[in-house]
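Chemist: Coordinates in model-v1.cif, mmCIF, C-alpha atoms, are listed below.
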```cif
data_my_file
loop_
_atom_site.group_PDB
_atom_site.id
_atom_site.type_symbol
_atom_site.label_atom_id
_atom_site.label_comp_id
_atom_site.auth_asym_id
_atom_site.auth_seq_id
_atom_site.Cartn_x
_atom_site.Cartn_y
_atom_site.Cartn_z
ATOM 1 C CA MET S 723 47.393 46.789 59.155
ATOM 2 C CA ASN S 724 43.817 47.194 60.297
ATOM 3 C CA ILE S 725 43.428 49.902 62.930
ATOM 4 C CA LYS S 726 41.593 47.406 65.157
ATOM 5 C CA ASN S 727 44.826 45.486 65.557
ATOM 6 C CA LYS S 728 46.669 48.469 66.942
ATOM 7 C CA ILE S 729 47.422 48.679 70.629
ATOM 8 C CA LYS S 730 47.030 51.715 72.840
ATOM 9 C CA ILE S 731 50.022 52.981 74.771
ATOM 10 C CA THR S 732 50.694 56.210 76.691
ATOM 11 C CA VAL S 733 53.760 58.292 75.905
ATOM 12 C CA ASN S 734 54.480 61.260 78.186
ATOM 13 C CA GLY S 735 50.853 61.283 79.260
ATOM 14 C CA LYS S 736 49.484 61.224 75.711
ATOM 15 C CA GLN S 737 47.707 58.249 74.143
ATOM 16 C CA MET S 738 49.241 56.749 71.030
ATOM 17 C CA GLN S 739 48.414 53.742 68.901
ATOM 18 C CA VAL S 740 51.093 51.448 67.566
ATOM 19 C CA ILE S 741 51.133 48.089 65.841
ATOM 20 C CA PRO S 742 51.660 45.031 68.070
ATOM 21 C CA LYS S 743 55.285 44.098 68.777
ATOM 22 C CA TYR S 744 56.342 47.648 68.010
ATOM 23 C CA SER S 745 59.738 48.148 69.620
ATOM 24 C CA VAL S 746 60.785 51.007 71.887
ATOM 25 C CA LYS S 747 63.502 51.746 69.345
ATOM 26 C CA SER S 748 60.893 52.179 66.579
ATOM 27 C CA LEU S 749 58.982 54.555 68.824
ATOM 28 C CA ILE S 750 62.082 56.638 69.572
ATOM 29 C CA LEU S 751 62.939 56.776 65.858
ATOM 30 C CA LYS S 752 59.365 57.744 64.974
ATOM 31 C CA LEU S 753 59.494 60.563 67.538
ATOM 32 C CA LYS S 754 62.965 61.585 66.284
ATOM 33 C CA MET S 755 64.423 61.680 69.777
ATOM 34 C CA PRO S 756 68.229 61.870 70.098
ATOM 35 C CA LEU S 757 69.112 58.850 72.251
ATOM 36 C CA ASN S 758 72.157 60.483 73.854
ATOM 37 C CA LYS S 759 70.008 63.294 75.255
ATOM 38 C CA ILE S 760 67.116 61.353 76.759
ATOM 39 C CA ALA S 761 66.216 58.700 79.310
ATOM 40 C CA ILE S 762 63.317 56.289 78.925
ATOM 41 C CA GLU S 763 61.039 54.723 81.517
ATOM 42 C CA LEU S 764 58.688 51.874 80.697
ATOM 43 C CA ASN S 765 55.995 51.393 83.338
ATOM 44 C CA LYS S 766 58.110 53.334 85.874
ATOM 45 C CA LYS S 767 61.221 51.224 85.255
ATOM 46 C CA ILE S 768 64.207 52.775 83.520
ATOM 47 C CA ILE S 769 65.170 50.850 80.427
ATOM 48 C CA ASP S 770 68.697 50.444 79.133
ATOM 49 C CA LYS S 771 69.007 52.499 75.969
ATOM 50 C CA LYS S 772 71.212 49.780 74.465
ATOM 51 C CA SER S 773 68.426 47.229 74.586
ATOM 52 C CA ILE S 774 65.532 49.252 73.193
ATOM 53 C CA SER S 775 65.413 47.341 69.914
ATOM 54 C CA LYS S 776 64.625 44.156 71.872
ATOM 55 C CA ILE S 777 61.837 45.628 74.000
ATOM 56 C CA GLN S 778 58.391 45.268 72.449
ATOM 57 C CA LEU S 779 55.492 47.404 73.528
ATOM 58 C CA LYS S 780 52.349 45.882 74.977
ATOM 59 C CA LYS S 781 48.813 47.183 75.369
ATOM 60 C CA GLY S 782 48.550 49.759 78.152
ATOM 61 C CA ASP S 783 52.291 50.371 78.441
ATOM 62 C CA LYS S 784 53.207 53.733 79.886
ATOM 63 C CA ILE S 785 56.343 55.341 78.567
ATOM 64 C CA GLU S 786 58.096 58.407 79.848
ATOM 65 C CA ILE S 787 60.786 60.068 77.763
ATOM 66 C CA VAL S 788 62.676 62.779 79.611
ATOM 67 C CA HIS S 789 65.501 65.199 78.938
ATOM 68 C CA PHE S 790 67.204 68.109 80.649
ATOM 69 C CA ILE S 791 65.614 71.519 80.739
ATOM 70 C CA GLY S 792 66.654 74.715 82.465
ATOM 71 C CA GLY S 793 66.406 74.604 86.235
ATOM 72 C CA GLY S 794 67.862 76.022 89.425
ATOM 73 C CA MET H 644 97.378 83.932 100.444
ATOM 74 C CA ILE H 645 96.922 80.944 98.197
ATOM 75 C CA ASP H 646 93.363 79.669 98.228
ATOM 76 C CA LYS H 647 92.613 76.003 98.658
ATOM 77 C CA LYS H 648 90.978 74.325 95.675
ATOM 78 C CA PHE H 649 87.207 74.249 95.372
ATOM 79 C CA LYS H 650 86.657 70.528 95.485
ATOM 80 C CA ILE H 651 83.357 68.623 95.467
ATOM 81 C CA ALA H 652 83.379 64.813 95.728
ATOM 82 C CA ASN H 653 87.091 64.817 94.860
ATOM 83 C CA LYS H 654 86.639 66.840 91.707
ATOM 84 C CA ILE H 655 88.233 70.272 91.464
ATOM 85 C CA PHE H 656 86.256 73.167 89.992
ATOM 86 C CA LYS H 657 87.657 76.527 88.934
ATOM 87 C CA SER H 658 84.699 78.722 89.753
ATOM 88 C CA ARG H 659 83.015 79.000 93.124
ATOM 89 C CA LEU H 660 79.895 80.276 91.413
ATOM 90 C CA ILE H 661 77.328 77.676 90.358
ATOM 91 C CA VAL H 662 74.621 78.931 88.039
ATOM 92 C CA GLY H 663 71.076 77.714 87.450
ATOM 93 C CA THR H 664 69.742 77.433 83.900
ATOM 94 C CA GLY H 665 66.046 78.193 84.538
ATOM 95 C CA LYS H 666 63.953 81.303 83.867
ATOM 96 C CA TYR H 667 66.054 82.819 81.058
ATOM 97 C CA LYS H 668 64.345 84.390 78.063
ATOM 98 C CA SER H 669 66.101 81.947 75.734
ATOM 99 C CA PHE H 670 68.715 79.195 75.726
ATOM 100 C CA LYS H 671 71.019 81.621 73.957
ATOM 101 C CA GLU H 672 70.738 84.174 76.756
ATOM 102 C CA CYS H 673 71.264 81.399 79.302
ATOM 103 C CA ALA H 674 74.391 80.158 77.500
ATOM 104 C CA ASN H 675 75.802 83.697 77.290
ATOM 105 C CA ALA H 676 75.154 84.362 80.976
ATOM 106 C CA ILE H 677 76.884 81.113 81.947
ATOM 107 C CA LYS H 678 79.888 81.994 79.822
ATOM 108 C CA ILE H 679 80.259 85.445 81.391
ATOM 109 C CA SER H 680 79.643 84.063 84.901
ATOM 110 C CA GLY H 681 82.653 81.768 84.540
ATOM 111 C CA ALA H 682 80.680 78.943 86.170
ATOM 112 C CA ASP H 683 81.829 75.432 85.433
ATOM 113 C CA ILE H 684 78.830 73.785 87.096
ATOM 114 C CA VAL H 685 75.228 74.465 86.053
ATOM 115 C CA THR H 686 72.062 73.046 87.535
ATOM 116 C CA VAL H 687 69.535 71.413 85.212
ATOM 117 C CA ALA H 688 66.122 69.807 85.666
ATOM 118 C CA VAL H 689 64.609 66.576 84.334
ATOM 119 C CA ARG H 690 61.296 66.900 82.514
ATOM 120 C CA ARG H 691 59.218 65.180 79.839
ATOM 121 C CA VAL H 692 60.277 65.712 76.244
ATOM 122 C CA ASN H 693 57.663 67.553 74.181
ATOM 123 C CA ILE H 694 56.610 64.797 71.794
ATOM 124 C CA SER H 695 54.328 67.067 69.763
ATOM 125 C CA ASN H 696 57.111 69.474 68.810
ATOM 126 C CA LYS H 697 60.092 67.377 67.806
ATOM 127 C CA ASN H 698 62.158 70.294 66.558
ATOM 128 C CA LYS H 699 62.014 72.297 69.771
ATOM 129 C CA ALA H 700 65.471 73.489 70.892
ATOM 130 C CA ARG H 701 67.104 71.576 73.727
ATOM 131 C CA LEU H 702 69.275 72.853 76.542
ATOM 132 C CA MET H 703 72.009 70.369 75.622
ATOM 133 C CA ASP H 704 72.248 71.944 72.164
ATOM 134 C CA TYR H 705 73.299 75.237 73.768
ATOM 135 C CA ILE H 706 75.264 74.172 76.830
ATOM 136 C CA ASP H 707 77.761 71.436 76.101
ATOM 137 C CA PRO H 708 77.841 68.898 78.957
ATOM 138 C CA LYS H 709 81.375 67.962 77.914
ATOM 139 C CA LYS H 710 82.563 71.481 78.722
ATOM 140 C CA ILE H 711 80.305 72.383 81.654
ATOM 141 C CA THR H 712 79.402 70.027 84.498
ATOM 142 C CA TYR H 713 75.669 69.380 84.554
ATOM 143 C CA LEU H 714 74.258 69.141 88.048
ATOM 144 C CA PRO H 715 70.827 67.509 87.743
ATOM 145 C CA ASN H 716 68.332 68.666 90.341
ATOM 146 C CA THR H 717 65.099 67.282 91.758
ATOM 147 C CA ALA H 718 63.058 70.450 91.392
ATOM 148 C CA GLY H 719 59.359 69.814 91.921
ATOM 149 C CA CYS H 720 59.892 66.675 94.028
ATOM 150 C CA PHE H 721 58.065 66.492 97.346
ATOM 151 C CA ASN H 722 59.190 63.070 98.584
ATOM 152 C CA ALA H 723 62.194 60.751 98.508
ATOM 153 C CA GLU H 724 60.676 58.371 95.948
ATOM 154 C CA ASP H 725 60.102 61.128 93.373
ATOM 155 C CA ALA H 726 63.573 62.541 93.973
ATOM 156 C CA ILE H 727 65.232 59.162 93.525
ATOM 157 C CA ARG H 728 63.204 58.411 90.387
ATOM 158 C CA THR H 729 64.202 61.783 88.915
ATOM 159 C CA LEU H 730 67.900 61.379 89.648
ATOM 160 C CA ARG H 731 67.997 57.826 88.328
ATOM 161 C CA LEU H 732 66.594 59.189 85.066
ATOM 162 C CA ALA H 733 69.167 61.990 85.082
ATOM 163 C CA ARG H 734 71.931 59.435 85.549
ATOM 164 C CA GLU H 735 70.538 57.415 82.652
ATOM 165 C CA ILE H 736 70.678 60.389 80.283
ATOM 166 C CA GLY H 737 74.421 60.690 80.572
ATOM 167 C CA GLY H 738 75.901 59.008 83.583
ATOM 168 C CA TRP H 739 75.734 61.886 86.027
ATOM 169 C CA LYS H 740 76.380 60.895 89.629
ATOM 170 C CA LEU H 741 76.955 64.339 91.114
ATOM 171 C CA VAL H 742 73.447 65.607 91.805
ATOM 172 C CA LYS H 743 71.575 68.352 93.596
ATOM 173 C CA LEU H 744 68.920 67.019 95.929
ATOM 174 C CA GLU H 745 66.015 69.352 96.558
ATOM 175 C CA VAL H 746 62.950 67.897 98.274
ATOM 176 C CA LEU H 747 60.386 70.571 98.988
ATOM 177 C CA GLY H 748 57.648 70.523 101.581
ATOM 178 C CA ASP H 749 55.904 73.818 101.115
ATOM 179 C CA LYS H 750 54.581 74.975 97.759
ATOM 180 C CA LYS H 751 54.321 78.604 98.826
ATOM 181 C CA ASN H 752 57.700 79.254 100.374
ATOM 182 C CA LEU H 753 59.487 76.317 98.728
ATOM 183 C CA PHE H 754 61.162 75.398 101.991
ATOM 184 C CA PRO H 755 62.935 72.048 102.028
ATOM 185 C CA GLU H 756 61.172 69.078 103.638
ATOM 186 C CA MET H 757 64.114 68.045 105.766
ATOM 187 C CA ILE H 758 62.902 64.618 106.928
ATOM 188 C CA GLU H 759 62.418 63.486 103.320
ATOM 189 C CA THR H 760 65.634 65.262 102.317
ATOM 190 C CA LEU H 761 67.611 63.326 104.932
ATOM 191 C CA ARG H 762 65.996 60.025 103.902
ATOM 192 C CA SER H 763 66.706 60.750 100.227
ATOM 193 C CA THR H 764 70.335 61.627 100.985
ATOM 194 C CA GLU H 765 70.813 58.256 102.702
ATOM 195 C CA LEU H 766 69.152 56.289 99.903
ATOM 196 C CA LEU H 767 70.891 58.115 97.057
ATOM 197 C CA THR H 768 74.289 57.845 98.728
ATOM 198 C CA LYS H 769 73.781 54.081 99.098
ATOM 199 C CA GLU H 770 73.061 53.964 95.362
ATOM 200 C CA GLY H 771 76.378 55.605 94.563
ATOM 201 C CA PHE H 772 75.186 59.152 93.955
ATOM 202 C CA LYS H 773 77.267 62.089 95.150
ATOM 203 C CA VAL H 774 74.592 64.217 96.737
ATOM 204 C CA MET H 775 74.784 67.992 97.103
ATOM 205 C CA VAL H 776 71.899 68.830 99.388
ATOM 206 C CA TYR H 777 69.645 71.882 99.355
ATOM 207 C CA CYS H 778 68.642 72.348 102.982
ATOM 208 C CA ASN H 779 67.465 74.812 105.563
ATOM 209 C CA ASP H 780 70.012 76.746 107.585
ATOM 210 C CA ASP H 781 69.775 74.488 110.631
ATOM 211 C CA PRO H 782 73.201 73.418 111.929
ATOM 212 C CA LEU H 783 71.819 70.220 113.509
ATOM 213 C CA MET H 784 70.202 69.089 110.281
ATOM 214 C CA ALA H 785 73.337 70.027 108.350
ATOM 215 C CA LYS H 786 75.285 67.689 110.621
ATOM 216 C CA ARG H 787 72.816 64.872 110.046
ATOM 217 C CA LEU H 788 73.089 65.339 106.276
ATOM 218 C CA GLU H 789 76.849 65.181 106.563
ATOM 219 C CA ASN H 790 76.599 61.942 108.559
ATOM 220 C CA ALA H 791 74.208 60.549 105.922
ATOM 221 C CA GLY H 792 76.859 60.982 103.226
ATOM 222 C CA ALA H 793 76.134 64.373 101.627
ATOM 223 C CA VAL H 794 79.070 65.686 99.556
ATOM 224 C CA ALA H 795 78.025 69.331 99.930
ATOM 225 C CA ILE H 796 75.755 71.223 102.294
ATOM 226 C CA MET H 797 73.683 73.846 100.498
ATOM 227 C CA PRO H 798 71.597 75.920 102.907
ATOM 228 C CA LEU H 799 69.189 78.549 101.669
ATOM 229 C CA ALA H 800 69.907 82.220 102.223
ATOM 230 C CA ALA H 801 66.173 82.948 101.900
ATOM 231 C CA PRO H 802 63.267 81.289 100.009
ATOM 232 C CA ILE H 803 64.031 80.170 96.436
ATOM 233 C CA GLY H 804 63.701 83.023 93.961
ATOM 234 C CA SER H 805 62.917 85.568 96.694
ATOM 235 C CA GLY H 806 66.074 87.634 96.257
ATOM 236 C CA LEU H 807 65.964 88.527 99.960
ATOM 237 C CA GLY H 808 69.647 87.818 100.642
ATOM 238 C CA ILE H 809 71.133 86.011 103.623
ATOM 239 C CA GLN H 810 68.629 86.099 106.466
ATOM 240 C CA ASN H 811 70.479 84.114 109.093
ATOM 241 C CA LYS H 812 74.191 84.837 108.987
ATOM 242 C CA ILE H 813 74.751 83.360 112.440
ATOM 243 C CA ASN H 814 73.489 79.913 111.430
ATOM 244 C CA ILE H 815 75.559 79.976 108.250
ATOM 245 C CA LYS H 816 78.646 80.825 110.346
ATOM 246 C CA ILE H 817 77.871 78.013 112.788
ATOM 247 C CA ILE H 818 77.439 75.505 109.950
ATOM 248 C CA ARG H 819 80.725 76.772 108.490
ATOM 249 C CA LYS H 820 82.531 76.129 111.766
ATOM 250 C CA GLN H 821 81.204 72.616 112.172
ATOM 251 C CA THR H 822 81.778 71.183 108.703
ATOM 252 C CA ASN H 823 84.675 70.632 106.357
ATOM 253 C CA LEU H 824 82.319 69.724 103.533
ATOM 254 C CA PRO H 825 81.805 72.280 100.766
ATOM 255 C CA LEU H 826 79.270 74.803 102.065
ATOM 256 C CA ILE H 827 77.353 76.464 99.274
ATOM 257 C CA ILE H 828 74.605 79.044 99.647
ATOM 258 C CA ASP H 829 71.721 77.895 97.477
ATOM 259 C CA ALA H 830 68.675 80.098 96.962
ATOM 260 C CA GLY H 831 67.669 83.575 98.032
ATOM 261 C CA ILE H 832 70.530 85.639 96.614
ATOM 262 C CA GLY H 833 69.222 88.933 95.206
ATOM 263 C CA GLN H 834 72.220 90.993 94.220
ATOM 264 C CA ALA H 835 75.984 90.829 93.932
ATOM 265 C CA SER H 836 76.620 92.042 97.489
ATOM 266 C CA ASP H 837 74.608 89.055 98.827
ATOM 267 C CA ALA H 838 77.009 86.720 97.021
ATOM 268 C CA SER H 839 79.988 88.572 98.485
ATOM 269 C CA ILE H 840 78.518 88.325 101.981
ATOM 270 C CA ALA H 841 78.039 84.571 101.550
ATOM 271 C CA MET H 842 81.686 84.223 100.639
ATOM 272 C CA GLU H 843 82.788 86.528 103.471
ATOM 273 C CA LEU H 844 80.957 84.252 105.906
ATOM 274 C CA GLY H 845 83.335 81.531 104.769
ATOM 275 C CA CYS H 846 81.109 79.653 102.349
ATOM 276 C CA ASP H 847 82.902 77.699 99.629
ATOM 277 C CA GLY H 848 80.538 78.745 96.885
ATOM 278 C CA VAL H 849 77.217 80.230 95.859
ATOM 279 C CA LEU H 850 74.460 78.864 93.642
ATOM 280 C CA ILE H 851 72.471 81.516 91.801
ATOM 281 C CA ASN H 852 69.668 81.313 89.273
ATOM 282 C CA THR H 853 66.856 83.867 89.551
ATOM 283 C CA ALA H 854 69.064 86.811 90.566
ATOM 284 C CA ILE H 855 70.878 86.468 87.250
ATOM 285 C CA ALA H 856 68.121 85.182 84.954
ATOM 286 C CA LYS H 857 65.527 87.737 86.017
ATOM 287 C CA ALA H 858 67.839 90.750 86.347
ATOM 288 C CA ARG H 859 67.085 93.545 83.887
ATOM 289 C CA ASN H 860 70.443 92.760 82.278
ATOM 290 C CA PRO H 861 71.202 89.084 82.987
ATOM 291 C CA ILE H 862 74.544 89.071 81.175
ATOM 292 C CA GLN H 863 75.876 92.023 83.157
ATOM 293 C CA MET H 864 74.496 90.548 86.395
ATOM 294 C CA ALA H 865 76.274 87.268 85.590
ATOM 295 C CA GLU H 866 79.530 89.215 85.431
ATOM 296 C CA ALA H 867 78.682 91.078 88.643
ATOM 297 C CA MET H 868 78.082 87.762 90.419
ATOM 298 C CA ARG H 869 81.361 86.322 89.127
ATOM 299 C CA LEU H 870 83.253 89.337 90.481
ATOM 300 C CA ALA H 871 81.263 89.367 93.740
ATOM 301 C CA VAL H 872 82.121 85.742 94.479
ATOM 302 C CA ILE H 873 85.810 86.320 93.758
ATOM 303 C CA SER H 874 85.776 89.543 95.758
ATOM 304 C CA GLY H 875 83.965 88.014 98.738
ATOM 305 C CA ARG H 876 86.324 85.049 98.781
ATOM 306 C CA LYS H 877 89.409 87.268 98.741
ATOM 307 C CA SER H 878 87.914 89.426 101.465
ATOM 308 C CA PHE H 879 87.293 86.332 103.612
ATOM 309 C CA LEU H 880 90.814 85.002 103.061
ATOM 310 C CA SER H 881 92.394 88.382 103.780
ATOM 311 C CA GLY H 882 90.972 88.530 107.307
ATOM 312 C CA ARG H 883 88.762 91.461 108.146
ATOM 313 C CA ILE H 884 89.677 94.010 110.810
ATOM 314 C CA THR H 885 88.059 93.792 114.227
ATOM 315 C CA PRO H 886 84.937 95.958 114.256
ATOM 316 C CA ASN H 887 85.082 98.786 116.827
ATOM 317 C CA LEU H 888 82.409 101.027 118.268
ATOM 318 C CA PHE H 889 84.710 104.044 118.082
ATOM 319 C CA GLY H 890 86.744 105.820 115.437
ATOM 320 C CA THR H 891 90.437 105.299 114.818
ATOM 321 C CA ALA H 892 92.092 107.908 112.618
ATOM 322 C CA SER H 893 93.792 106.676 109.470
ATOM 323 C CA THR H 894 96.139 109.653 109.545
ATOM 324 C CA SER H 895 98.836 109.960 112.193
ATOM 325 C CA ASN H 896 98.852 113.036 114.441
ATOM 326 C CA LYS H 897 102.673 113.085 114.376
ATOM 327 C CA GLY H 898 103.933 116.371 112.907
ATOM 328 C CA ILE H 899 100.526 118.012 113.051
ATOM 329 C CA ILE H 900 100.736 121.805 112.591
#
```
If you took the structure in this file and wrote it as structure tokens, what would it be?

Modeler:
Amino acid sequence: MNIKNKIKITVNGKQMQVIPKYSVKSLILKLKMPLNKIAIELNKKIIDKKSISKIQLKKGDKIEIVHFIGGG
Amino acid sequence: MIDKKFKIANKIFKSRLIVGTGKYKSFKECANAIKISGADIVTVAVRRVNISNKNKARLMDYIDPKKITYLPNTAGCFNAEDAIRTLRLAREIGGWKLVKLEVLGDKKNLFPEMIETLRSTELLTKEGFKVMVYCNDDPLMAKRLENAGAVAIMPLAAPIGSGLGIQNKINIKIIRKQTNLPLIIDAGIGQASDASIAMELGCDGVLINTAIAKARNPIQMAEAMRLAVISGRKSFLSGRITPNLFGTASTSNKGII
């Protein structure tokens, strides 16, 4: 795949490039994130973790992947 | 005297001590402190995953949410929208509905922004969350939170992390008298005696993070807090003597030589 065909997305504030029609599931697998310990937002909307294989990323998408950390 | 159960949103908890998981040197130290503290609820925060370091240790690897109740908080939120967004994400991670609402309005003293806190309590309750609310020690606002659907009232003893102890015992007592909801002191505890005093005022529980995590010996302080909460509760239930401004001898004068 030519790099020109890649689309720019933002994951946790950092820019990434992925191929078009890249799914959220592929992204999570690539980042090696354990699904049962995270939540995912796509453009400020929470997405159902069960349907991530069906959701394809588009240019300019903003993704937030969060987990629990220590807090009071 | 048999104590009534410590119940929040119809769930019974063994320990009246709730422990925060922030500020420890390591997850291991945090997990050890929680174990010694006897707490069965711990507060946790929602933050971005570090995508550059995939192998970084996670809190959930050290503290099993199947064994300990996670209480997601809204630390760092300054309005209702941010708080709701954060708690929706927390719910998505693992289905948590019991949450700690904390909407701040003052970056220096970390005082709660009560107008936004009240609004958030209403909105979250409508969404099915069971909201334990960090609040100031104002009895009128505590009442409004209760009317808005809060499942626990959690007034500060003093500013978060200050370790100053309970600054306004009278207000805490007044809130205690007016509510049947769980009343939990959240923030400002500095040492074990502060936790005992909170319990002696009739509070149902105490939430402690910094006083344990930043103690010179956090594990020993966790134990001290566990004992202080138990001790303070027993003291409260036992009924203190009436304070007098004069001495009364403990030894009888009968048979004095």

Chemist: Enumerate, in order of chain and increasing residue number, the residues of chain H with an atom no farther than 6 Å from chain S, each with its shortest atom pair and distance in Å to one decimal, counting all atoms listed in the file, as CSV.

Modeler:
```
residue,atom,partner,partner_atom,distance
H:Gly663,CA,S:Gly794,CA,4.1
H:Thr664,CA,S:Gly792,CA,4.4
H:Gly665,CA,S:Gly793,CA,4.0
H:Thr686,CA,S:Gly794,CA,5.5
H:Val687,CA,S:Gly793,CA,4.6
H:Ala688,CA,S:Gly793,CA,4.8
H:Val689,CA,S:Phe790,CA,4.8
H:Arg690,CA,S:Val788,CA,5.2
H:Arg691,CA,S:Val788,CA,4.2
H:Val692,CA,S:Val788,CA,5.1
H:Leu702,CA,S:Ile791,CA,5.7
H:Leu732,CA,S:Ala761,CA,5.8
H:Glu735,CA,S:Ala761,CA,5.6
H:Ile736,CA,S:Ala761,CA,4.9
H:Asn852,CA,S:Gly794,CA,5.6
```

Chemist: For the selection you just gave me, I'd like the residues written to a file as an mmCIF file, in the coordinates of the input, keeping C-alpha atoms.

Modeler:
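That gives us again-v7.cif:
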```
data_model
loop_
_atom_site.group_PDB
_atom_site.id
_atom_site.type_symbol
_atom_site.label_atom_id
_atom_site.label_comp_id
_atom_site.auth_asym_id
_atom_site.auth_seq_id
_atom_site.Cartn_x
_atom_site.Cartn_y
_atom_site.Cartn_z
ATOM 1 C CA GLY H 663 71.076 77.714 87.450
ATOM 2 C CA THR H 664 69.742 77.433 83.900
ATOM 3 C CA GLY H 665 66.046 78.193 84.538
ATOM 4 C CA THR H 686 72.062 73.046 87.535
ATOM 5 C CA VAL H 687 69.535 71.413 85.212
ATOM 6 C CA ALA H 688 66.122 69.807 85.666
ATOM 7 C CA VAL H 689 64.609 66.576 84.334
ATOM 8 C CA ARG H 690 61.296 66.900 82.514
ATOM 9 C CA ARG H 691 59.218 65.180 79.839
ATOM 10 C CA VAL H 692 60.277 65.712 76.244
ATOM 11 C CA LEU H 702 69.275 72.853 76.542
ATOM 12 C CA LEU H 732 66.594 59.189 85.066
ATOM 13 C CA GLU H 735 70.538 57.415 82.652
ATOM 14 C CA ILE H 736 70.678 60.389 80.283
ATOM 15 C CA ASN H 852 69.668 81.313 89.273
#
```

Chemist: For a cutoff of 9 Å around the file-coordinate point (49.1, 44.9, 77.8), which residues qualify once you count only C-alpha atoms? I'd like the result as a ChimeraX atom specification.

Modeler: /S:729-731,779-783

Chemist: Quick one: distance from CA of Lys666 in chain H to CA of Ala856 in chain H in Å, one decimal?

Modeler: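 Taking CA of Lys666 in chain H and CA of Ala856 in chain H, their separation equals 5.8 Å.
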
Chemist: Convert the output of the PyMOL selection byres ((chain S and resi 774) around 10) on the shown file into explicit residues, formatted as a PyMOL selection string.

Modeler: chain S and resi 745-750+762+769-773+775-778

Chemist: What is the distance, in Å and to one decimal place, between CA of Lys740 in chain H and CA of Gly831 in chain H?

Modeler: 25.7 Å

Chemist: Put a box with edges along x, y and z around all the listed atoms of range 830-837 of chain H, pad it by 4 Å on each side, then give me its centre and sizes in Å, one decimal, as lines of an AutoDock Vina configuration file.

Modeler:
```
center_x = 72.1
center_y = 86.1
center_z = 96.4
size_x = 17.0
size_y = 19.9
size_z = 12.9
```

Chemist: So the first atom is CA of Leu788 in chain H and the second is CA of Gln834 in chain H; what is the distance between them in Å, to one decimal place?

Modeler: 28.4 Å

Chemist: How would you write, as a PyMOL selection string, the residues chosen by the PyMOL selection byres ((chain H and resi 881-885) around 12) on this structure?

Modeler: chain H and resi 644-646+842-845+874-880+886-889+891

Chemist: Applied to this file, what does the PyMOL selection byres ((chain H and resi 819) around 12) return in terms of residues, put as a VMD selection string?

Modeler: chain H and resid 780 to 782 785 to 786 795 to 798 812 to 818 820 to 828 841 to 848

Chemist: With all atoms listed in the file as the basis for distance, which of H:Val662, H:Ile832, H:Met757, H:Ala800 is at the shortest distance from Glu866 in chain H?

Modeler: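 That would be H:Val662, the residue with the smallest distance to Glu866 in chain H.
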
Chemist: Need the shell around Ala838 in chain H: protein/DNA/RNA residues with any atom at most 7 Å away, counting all atoms listed in the file. Skip same-chain ones fewer than 5 positions apart. Format as a PyMOL selection string?

Modeler: chain H and resi 832+849+868+871-872

Chemist: From the options H:Ser836, H:Leu767, H:Met864, H:Leu753, which residue's atoms come nearest to Ala801 in chain H, counting all atoms listed in the file?

Modeler: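 Ranked by minimum distance to Ala801 in chain H, first place goes to H:Leu753.
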
Chemist: Could you give me, as a VMD selection string, the residues that have an atom at most 9 Å away from the point (89.5, 75.7, 96.7) in the coordinates of the file, using all atoms listed in the file?

Modeler: chain H and resid 646 to 650 655 to 659 847

Chemist: Considering only C-alpha atoms, return as a list in words whatever protein or nucleic-acid residues lie within 12 Å of Asp725 in chain H, sequence-local ones (same chain, fewer than 2 positions apart) excluded.

Modeler: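 Using only C-alpha atoms, the neighbours found are Lys766 of chain S; Val689, Asn716, Thr717, Ala718, Gly719, Cys720, Phe721, Asn722, Ala723, Ile727, Arg728, Thr729, Leu730, Arg731, Leu732, Leu744, Glu745, Val746, Leu747, Glu759, Thr760, Ser763 and Leu767 of chain H.
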
Chemist: Looking at only C-alpha atoms, which of H:Ala652, H:Ala867, H:Asp749, H:Arg859 is the one that sits closest to Ala793 in chain H?

Modeler: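 Ranking H:Ala652, H:Ala867, H:Asp749, H:Arg859 by distance to Ala793 in chain H, first place goes to H:Ala652.
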